[in-house]
file protein10.txt (compact mmCIF, C-alpha atoms)
# COMPACT_ATOMS: atom_id res chain seq x y z
CA MET F 1 103.35 128.95 84.71
CA SER F 2 102.17 128.60 88.32
CA ASN F 3 102.08 131.54 90.73
CA ALA F 4 104.84 129.90 92.77
CA ALA F 5 107.07 129.52 89.72
CA LEU F 6 106.31 133.08 88.65
CA GLY F 7 107.15 134.39 92.12
CA ALA F 8 110.40 132.43 92.15
CA GLY F 9 111.29 133.90 88.76
CA TYR F 10 110.72 137.44 90.00
CA ALA F 11 112.74 136.76 93.17
CA GLN F 12 115.62 135.41 91.09
CA ALA F 13 115.50 138.46 88.82
CA VAL F 14 115.62 140.79 91.84
CA GLU F 15 118.61 138.89 93.24
CA GLN F 16 120.45 139.05 89.92
CA LEU F 17 119.80 142.76 89.56
CA ALA F 18 120.86 143.42 93.16
CA GLY F 19 124.11 141.63 92.34
CA ARG F 20 124.63 143.89 89.33
CA VAL F 21 124.01 147.02 91.40
CA LEU F 22 126.45 145.68 94.00
CA GLY F 23 129.03 145.17 91.26
CA ALA F 24 128.44 148.70 90.01
CA LEU F 25 128.86 150.05 93.53
CA ARG F 26 132.19 148.25 93.71
CA GLY F 27 133.15 149.49 90.26
CA THR F 28 133.15 146.07 88.58
CA GLN F 29 129.85 145.93 86.65
CA VAL F 30 127.15 148.06 85.07
CA PRO F 31 124.01 148.12 87.22
CA LEU F 32 121.01 147.52 84.99
CA PRO F 33 120.23 144.68 82.59
CA ALA F 34 119.76 145.48 78.93
CA VAL F 35 115.99 145.10 78.89
CA SER F 36 115.27 147.62 76.14
CA ASP F 37 117.51 146.40 73.33
CA ALA F 38 116.09 147.29 69.93
CA ASP F 39 116.46 143.73 68.62
CA ARG F 40 114.24 142.07 71.23
CA PRO F 41 111.16 142.88 73.31
CA ALA F 42 111.56 144.14 76.86
CA ASP F 43 111.99 141.44 79.50
CA THR F 44 109.07 142.11 81.83
CA THR F 45 110.59 139.99 84.60
CA ALA F 46 113.73 142.14 84.52
CA LEU F 47 111.60 145.31 84.45
CA ALA F 48 109.71 144.04 87.50
CA ALA F 49 113.02 143.63 89.30
CA VAL F 50 113.94 147.21 88.38
CA ARG F 51 110.61 148.36 89.81
CA VAL F 52 111.16 146.41 93.06
CA LEU F 53 114.68 147.67 93.75
CA GLY F 54 113.72 151.25 92.87
CA PRO F 55 115.94 153.79 94.68
CA ASP F 56 118.74 151.26 95.23
CA LEU F 57 119.49 151.39 91.51
CA PHE F 58 120.74 154.96 92.01
CA ALA F 59 123.26 154.02 94.72
CA PRO F 60 126.36 153.84 92.47
CA ALA F 61 125.56 157.20 90.84
CA LEU F 62 124.73 158.86 94.16
CA PHE F 63 127.92 157.77 95.89
CA CYS F 64 129.94 158.91 92.87
CA ARG F 65 127.90 162.13 92.66
CA GLN F 66 127.26 161.56 88.97
CA PRO F 67 124.07 161.53 86.89
CA LEU F 68 122.51 158.16 86.22
CA PRO F 69 123.63 156.91 82.77
CA GLN F 70 121.13 157.42 79.96
CA PRO F 71 120.49 153.68 79.27
CA ASP F 72 119.69 153.15 82.95
CA ARG F 73 117.33 156.12 82.97
CA GLU F 74 115.51 154.66 79.98
CA THR F 75 115.25 151.28 81.69
CA LEU F 76 113.81 152.85 84.83
CA GLY F 77 111.33 154.84 82.77
CA SER F 78 110.24 151.63 81.05
CA ALA F 79 109.81 149.87 84.39
CA LEU F 80 107.59 152.66 85.73
CA ARG F 81 105.45 152.55 82.62
CA VAL F 82 105.09 148.75 82.51
CA PHE F 83 104.57 148.43 86.28
CA PRO F 84 103.00 151.72 87.40
CA PRO F 85 102.11 152.29 91.05
CA ARG F 86 98.56 151.56 92.16
CA PRO F 87 96.42 153.69 94.47
CA GLY F 88 96.03 150.73 96.84
CA ASP F 89 99.77 150.17 97.31
CA SER F 90 101.21 150.24 100.82
CA THR F 91 102.67 153.45 102.24
CA GLU F 92 106.14 151.90 102.04
CA ALA F 93 105.71 151.03 98.35
CA ARG F 94 104.43 154.51 97.59
CA TRP F 95 107.41 156.15 99.30
CA ARG F 96 109.75 153.88 97.36
CA ASP F 97 108.07 154.83 94.08
CA ARG F 98 108.02 158.52 94.88
CA THR F 99 111.72 158.43 95.75
CA THR F 100 112.52 156.56 92.53
CA ALA F 101 110.59 159.10 90.47
CA ALA F 102 112.23 162.04 92.26
CA LEU F 103 115.71 160.64 91.67
CA LEU F 104 114.94 159.90 88.04
CA ALA F 105 113.62 163.42 87.54
CA ARG F 106 116.78 165.04 88.86
CA GLY F 107 119.24 162.58 87.36
CA ALA F 108 120.39 161.22 90.74
CA ALA F 109 123.07 163.85 91.23
CA GLY F 110 120.93 166.96 91.35
CA THR F 111 120.95 167.77 87.63
CA ARG F 112 118.98 166.83 84.57
CA THR F 113 120.63 165.46 81.46
CA ALA F 114 121.82 168.47 79.46
CA VAL F 115 120.90 167.02 76.05
CA PRO F 116 117.45 165.44 75.50
CA TYR F 117 117.54 161.84 74.35
CA PRO F 118 114.99 159.67 72.52
CA GLY F 119 112.34 158.56 74.94
CA GLU F 120 112.74 161.46 77.37
CA ASP F 121 109.14 162.57 76.86
CA SER F 122 107.87 159.09 77.74
CA GLU F 123 110.14 159.06 80.78
CA ARG F 124 108.62 162.35 81.93
CA ALA F 125 105.16 160.88 81.42
CA ALA F 126 106.09 157.90 83.60
CA ILE F 127 107.42 160.23 86.30
CA ALA F 128 104.26 162.32 86.17
CA GLU F 129 102.12 159.23 86.64
CA VAL F 130 104.13 158.15 89.68
CA VAL F 131 103.88 161.61 91.20
CA GLU F 132 100.14 161.69 90.59
CA ILE F 133 99.50 158.30 92.21
CA ALA F 134 102.27 158.05 94.80
CA GLY F 135 103.19 161.70 95.25
CA ILE F 136 100.75 162.44 98.07
CA VAL F 137 101.84 160.18 100.89
CA GLU F 138 100.89 160.40 104.53
CA ASP F 139 104.09 161.38 106.32
CA ALA F 140 102.79 162.53 109.68
CA GLU F 141 104.91 161.29 112.56
CA ASP F 142 103.30 158.47 114.52
CA THR F 143 104.52 159.02 118.05
CA GLU F 144 102.63 155.97 119.30
CA LEU F 145 104.82 153.44 117.51
CA THR F 146 106.78 151.09 119.76
CA TRP F 147 110.45 150.56 119.00
CA LYS F 148 109.60 147.18 117.46
CA GLU F 149 106.94 148.68 115.19
CA ARG F 150 109.20 151.57 114.20
CA SER F 151 112.06 149.20 113.41
CA GLN F 152 109.80 146.99 111.28
CA ARG F 153 108.54 149.98 109.30
CA MET F 154 111.98 151.45 108.78
CA ALA F 155 113.36 148.08 107.69
CA ARG F 156 110.77 147.98 104.92
CA LEU F 157 111.84 151.50 103.91
CA ALA F 158 115.58 150.72 103.80
CA PRO F 159 115.90 151.58 100.06
CA LEU F 160 115.35 155.21 101.09
CA ALA F 161 118.57 155.20 103.16
CA LEU F 162 120.82 156.80 100.55
CA PRO F 163 123.04 159.89 100.35
CA GLU F 164 121.54 163.00 98.77
CA VAL F 165 118.02 161.74 99.56
CA ASP F 166 115.99 163.69 102.11
CA GLY F 167 112.52 163.39 103.54
CA PRO F 168 110.61 162.58 106.72
CA TYR F 169 112.00 159.08 107.10
CA GLN F 170 115.61 160.18 106.80
CA GLN F 171 114.84 162.68 109.56
CA ARG F 172 113.17 160.00 111.68
CA ALA F 173 116.17 157.74 111.33
CA CYS F 174 118.23 160.45 113.04
CA LEU F 175 115.57 161.16 115.68
CA HIS F 176 114.91 157.52 116.58
CA VAL F 177 118.37 155.97 116.55
CA ARG F 178 117.73 154.30 119.92
CA ALA F 179 114.65 152.48 118.61
CA LEU F 180 116.48 151.43 115.45
CA SER F 181 119.46 150.28 117.51
CA GLN F 182 117.15 148.15 119.64
CA GLY F 183 115.59 146.71 116.52
CA ALA F 184 118.98 145.90 115.01
CA VAL F 185 120.14 144.15 118.18
CA ARG F 186 116.92 142.14 118.35
CA SER F 187 117.31 141.11 114.71
CA LEU F 188 120.92 140.10 115.28
CA MET F 189 119.96 137.99 118.29
CA ARG F 190 117.20 136.31 116.27
CA ARG F 191 119.63 135.82 113.36
CA ASP F 192 117.26 137.75 111.14
CA TYR F 193 120.20 139.10 109.19
CA PRO F 194 118.29 140.74 106.30
CA THR F 195 116.32 142.90 108.75
CA ALA F 196 119.44 143.65 110.79
CA ALA F 197 121.27 144.74 107.63
CA ARG F 198 118.45 147.12 106.67
CA LEU F 199 118.42 148.69 110.14
CA VAL F 200 122.22 148.98 110.25
CA ARG F 201 121.96 150.75 106.91
CA TRP F 202 119.61 153.32 108.49
CA LEU F 203 121.90 153.67 111.49
CA ALA F 204 124.88 154.26 109.19
CA LEU F 205 122.90 156.99 107.43
CA ALA F 206 121.96 158.55 110.76
CA ARG F 207 125.58 158.46 111.88
CA SER F 208 126.69 160.08 108.60
CA ARG F 209 124.29 162.93 109.43
CA GLY F 210 125.58 163.51 112.93
CA ALA F 211 123.36 161.24 115.05
CA SER F 212 124.78 158.91 117.70
CA PRO F 213 123.27 155.40 117.51
CA ALA F 214 123.08 153.32 120.69
CA LEU F 215 124.86 150.55 118.81
CA ASP F 216 128.44 150.06 117.68
CA VAL F 217 127.56 150.34 114.00
CA PRO F 218 131.01 149.39 112.59
CA THR F 219 131.09 146.23 114.74
CA ALA F 220 127.54 145.28 113.78
CA LEU F 221 128.35 145.86 110.13
CA GLU F 222 131.45 143.68 110.33
CA HIS F 223 129.50 140.92 112.09
CA LEU F 224 126.88 141.00 109.34
CA ARG F 225 129.54 140.92 106.63
CA LEU F 226 130.96 137.76 108.18
CA TRP F 227 127.71 135.96 108.97
CA GLY F 228 124.72 137.66 107.47
CA ALA F 229 124.93 138.16 103.69
CA PRO F 230 123.70 134.99 101.95
CA SER F 231 121.70 137.01 99.41
CA ALA F 232 122.68 139.72 96.98
CA ARG F 233 120.05 142.08 98.39
CA THR F 234 121.45 141.78 101.90
CA ALA F 235 124.98 142.17 100.56
CA LEU F 236 123.85 145.33 98.78
CA ASP F 237 122.34 146.71 101.99
CA LEU F 238 125.64 146.06 103.76
CA ALA F 239 127.69 147.64 100.98
CA ILE F 240 125.55 150.78 101.07
CA ALA F 241 125.79 150.85 104.87
CA GLY F 242 129.57 150.61 104.58
CA ARG F 243 129.72 153.52 102.16
CA LEU F 244 127.47 155.61 104.41
CA LEU F 245 129.63 154.77 107.40
CA ALA F 246 132.70 155.74 105.44
CA ALA F 247 131.10 159.13 104.77
CA ALA F 248 130.58 159.52 108.52
CA GLU F 249 134.23 158.68 109.20
CA GLY F 250 135.64 160.64 106.27
CA GLY F 251 137.37 157.85 104.38
CA PRO F 252 136.91 155.01 101.86
CA ARG F 253 135.38 151.72 102.93
call {"tool": "encode", "arguments": {"input": "protein10.txt", "output": "structure tokens"}}
result
Amino acid sequence: MSNAALGAGYAQAVEQLAGRVLGALRGTQVPLPAVSDADRPADTTALAAVRVLGPDLFAPALFCRQPLPQPDRETLGSALRVFPPRPGDSTEARWRDRTTAALLARGAAGTRTAVPYPGEDSERAAIAEVVEIAGIVEDAEDTELTWKERSQRMARLAPLALPEVDGPYQQRACLHVRALSQGAVRSLMRRDYPTAARLVRWLALARSRGASPALDVPTALEHLRLWGAPSARTALDLAIAGRLLAAAEGGPR
């Protein structure tokens, strides 16, 4: 298989998995594919998709304030073992992996599973490896970033914009809402809807934590829902943004 065909296969798997997570967030579908069935070998393409989406797989559990189901935990543990982080990965990839490992370790809702299950030791080993490789991440604030550079970086880190997840980038989203608002407007004007959706997601998180974006976030979200969600990943970003905005406004969305 050519590299192009392989890349297309991975992209399709990520889209399919994003659609499943979106369905789970809406209460219509379970999030993760059955990649660890006993009667067949693990689907490495599906595991790669799990690895790519990372923290987003926890979104349904986090919004419901429930632990991640055991089969999903096992699938995530398998993905981390089959596709472990590498020391040369980008800062964004390392933050994504560290967040995934942290959420897996605490069961998404702040608690560990009360009863051990088969494979828990191997899951812990996978978490330990992620922490060892990706756990020490440079998180010093770069005050020299322009609003364009900051928006680009934060867009790549959009999977970290989730409830019950804290760290330097969640804090920066609240501190730099003007820069992120500028970035979202620029992306909307350029019809770069995936980037706009990721930045609106950050702005919705910031608003849910008391910040005041320089953008009408509900209007931007509605515009993107109408015009900007051709892919499952973008639709998932918008769905998460909507739930975050609902938390800011105190009602369902």
call {"tool": "residues_near_point", "arguments": {"input": "protein10.txt", "point": "(117.8, 153.7, 108.9)", "cutoff": "9 Å", "atoms": "all atoms listed in the file", "output": "short mmCIF file (atom, residue, chain, number, x, y, z; two decimals) with C-alpha atoms, keeping the file's coordinate frame"}}
result
data_model
loop_
_atom_site.label_atom_id
_atom_site.label_comp_id
_atom_site.auth_asym_id
_atom_site.auth_seq_id
_atom_site.Cartn_x
_atom_site.Cartn_y
_atom_site.Cartn_z
CA SER F 151 112.06 149.20 113.41
CA MET F 154 111.98 151.45 108.78
CA ALA F 155 113.36 148.08 107.69
CA LEU F 157 111.84 151.50 103.91
CA ALA F 158 115.58 150.72 103.80
CA LEU F 160 115.35 155.21 101.09
CA ALA F 161 118.57 155.20 103.16
CA TYR F 169 112.00 159.08 107.10
CA GLN F 170 115.61 160.18 106.80
CA ARG F 172 113.17 160.00 111.68
CA ALA F 173 116.17 157.74 111.33
CA CYS F 174 118.23 160.45 113.04
CA VAL F 177 118.37 155.97 116.55
CA LEU F 180 116.48 151.43 115.45
CA ARG F 198 118.45 147.12 106.67
CA LEU F 199 118.42 148.69 110.14
CA VAL F 200 122.22 148.98 110.25
CA ARG F 201 121.96 150.75 106.91
CA TRP F 202 119.61 153.32 108.49
CA LEU F 203 121.90 153.67 111.49
CA ALA F 204 124.88 154.26 109.19
CA LEU F 205 122.90 156.99 107.43
CA ALA F 206 121.96 158.55 110.76
#
call {"tool": "atom_distance", "arguments": {"input": "protein10.txt", "atom1": "CA of Ala229 (chain F)", "atom2": "CA of Asp166 (chain F)"}}
result
27.1 Å
call {"tool": "residues_around", "arguments": {"input": "protein10.txt", "residues": "Leu47 (chain F)", "least_positions_apart": "4", "cutoff": "8 Å", "atoms": "all atoms listed in the file", "output": "PyMOL selection string"}}
result
chain F and resi 35+42-43+51+75-76+78-79+82-83
call {"tool": "closest_residue", "arguments": {"input": "protein10.txt", "among": "F:Gly242, F:Pro60, F:Pro87, F:Gly19", "to": "Arg225 (chain F)", "atoms": "only C-alpha atoms"}}
result
F:Gly242
call {"tool": "atom_distance", "arguments": {"input": "protein10.txt", "atom1": "CA of Ala197 (chain F)", "atom2": "CA of Pro218 (chain F)"}}
result
11.9 Å
call {"tool": "residues_around", "arguments": {"input": "protein10.txt", "residues": "Leu22 (chain F)", "least_positions_apart": "4", "cutoff": "10 Å", "atoms": "only C-alpha atoms", "output": "ChimeraX atom specification"}}
result
/F:16-18,26-31,56-57,59-60,232-233,235-240
call {"tool": "atom_distance", "arguments": {"input": "protein10.txt", "atom1": "CA of Ser181 (chain F)", "atom2": "CA of Asp216 (chain F)"}}
result
9.0 Å
call {"tool": "axis_aligned_box", "arguments": {"input": "protein10.txt", "around": "region 17-21 of chain F", "padding_each_side": "3 Å", "output": "JSON"}}
result
{"center_x": 122.2, "center_y": 144.3, "center_z": 91.2, "size_x": 10.8, "size_y": 11.4, "size_z": 9.8}
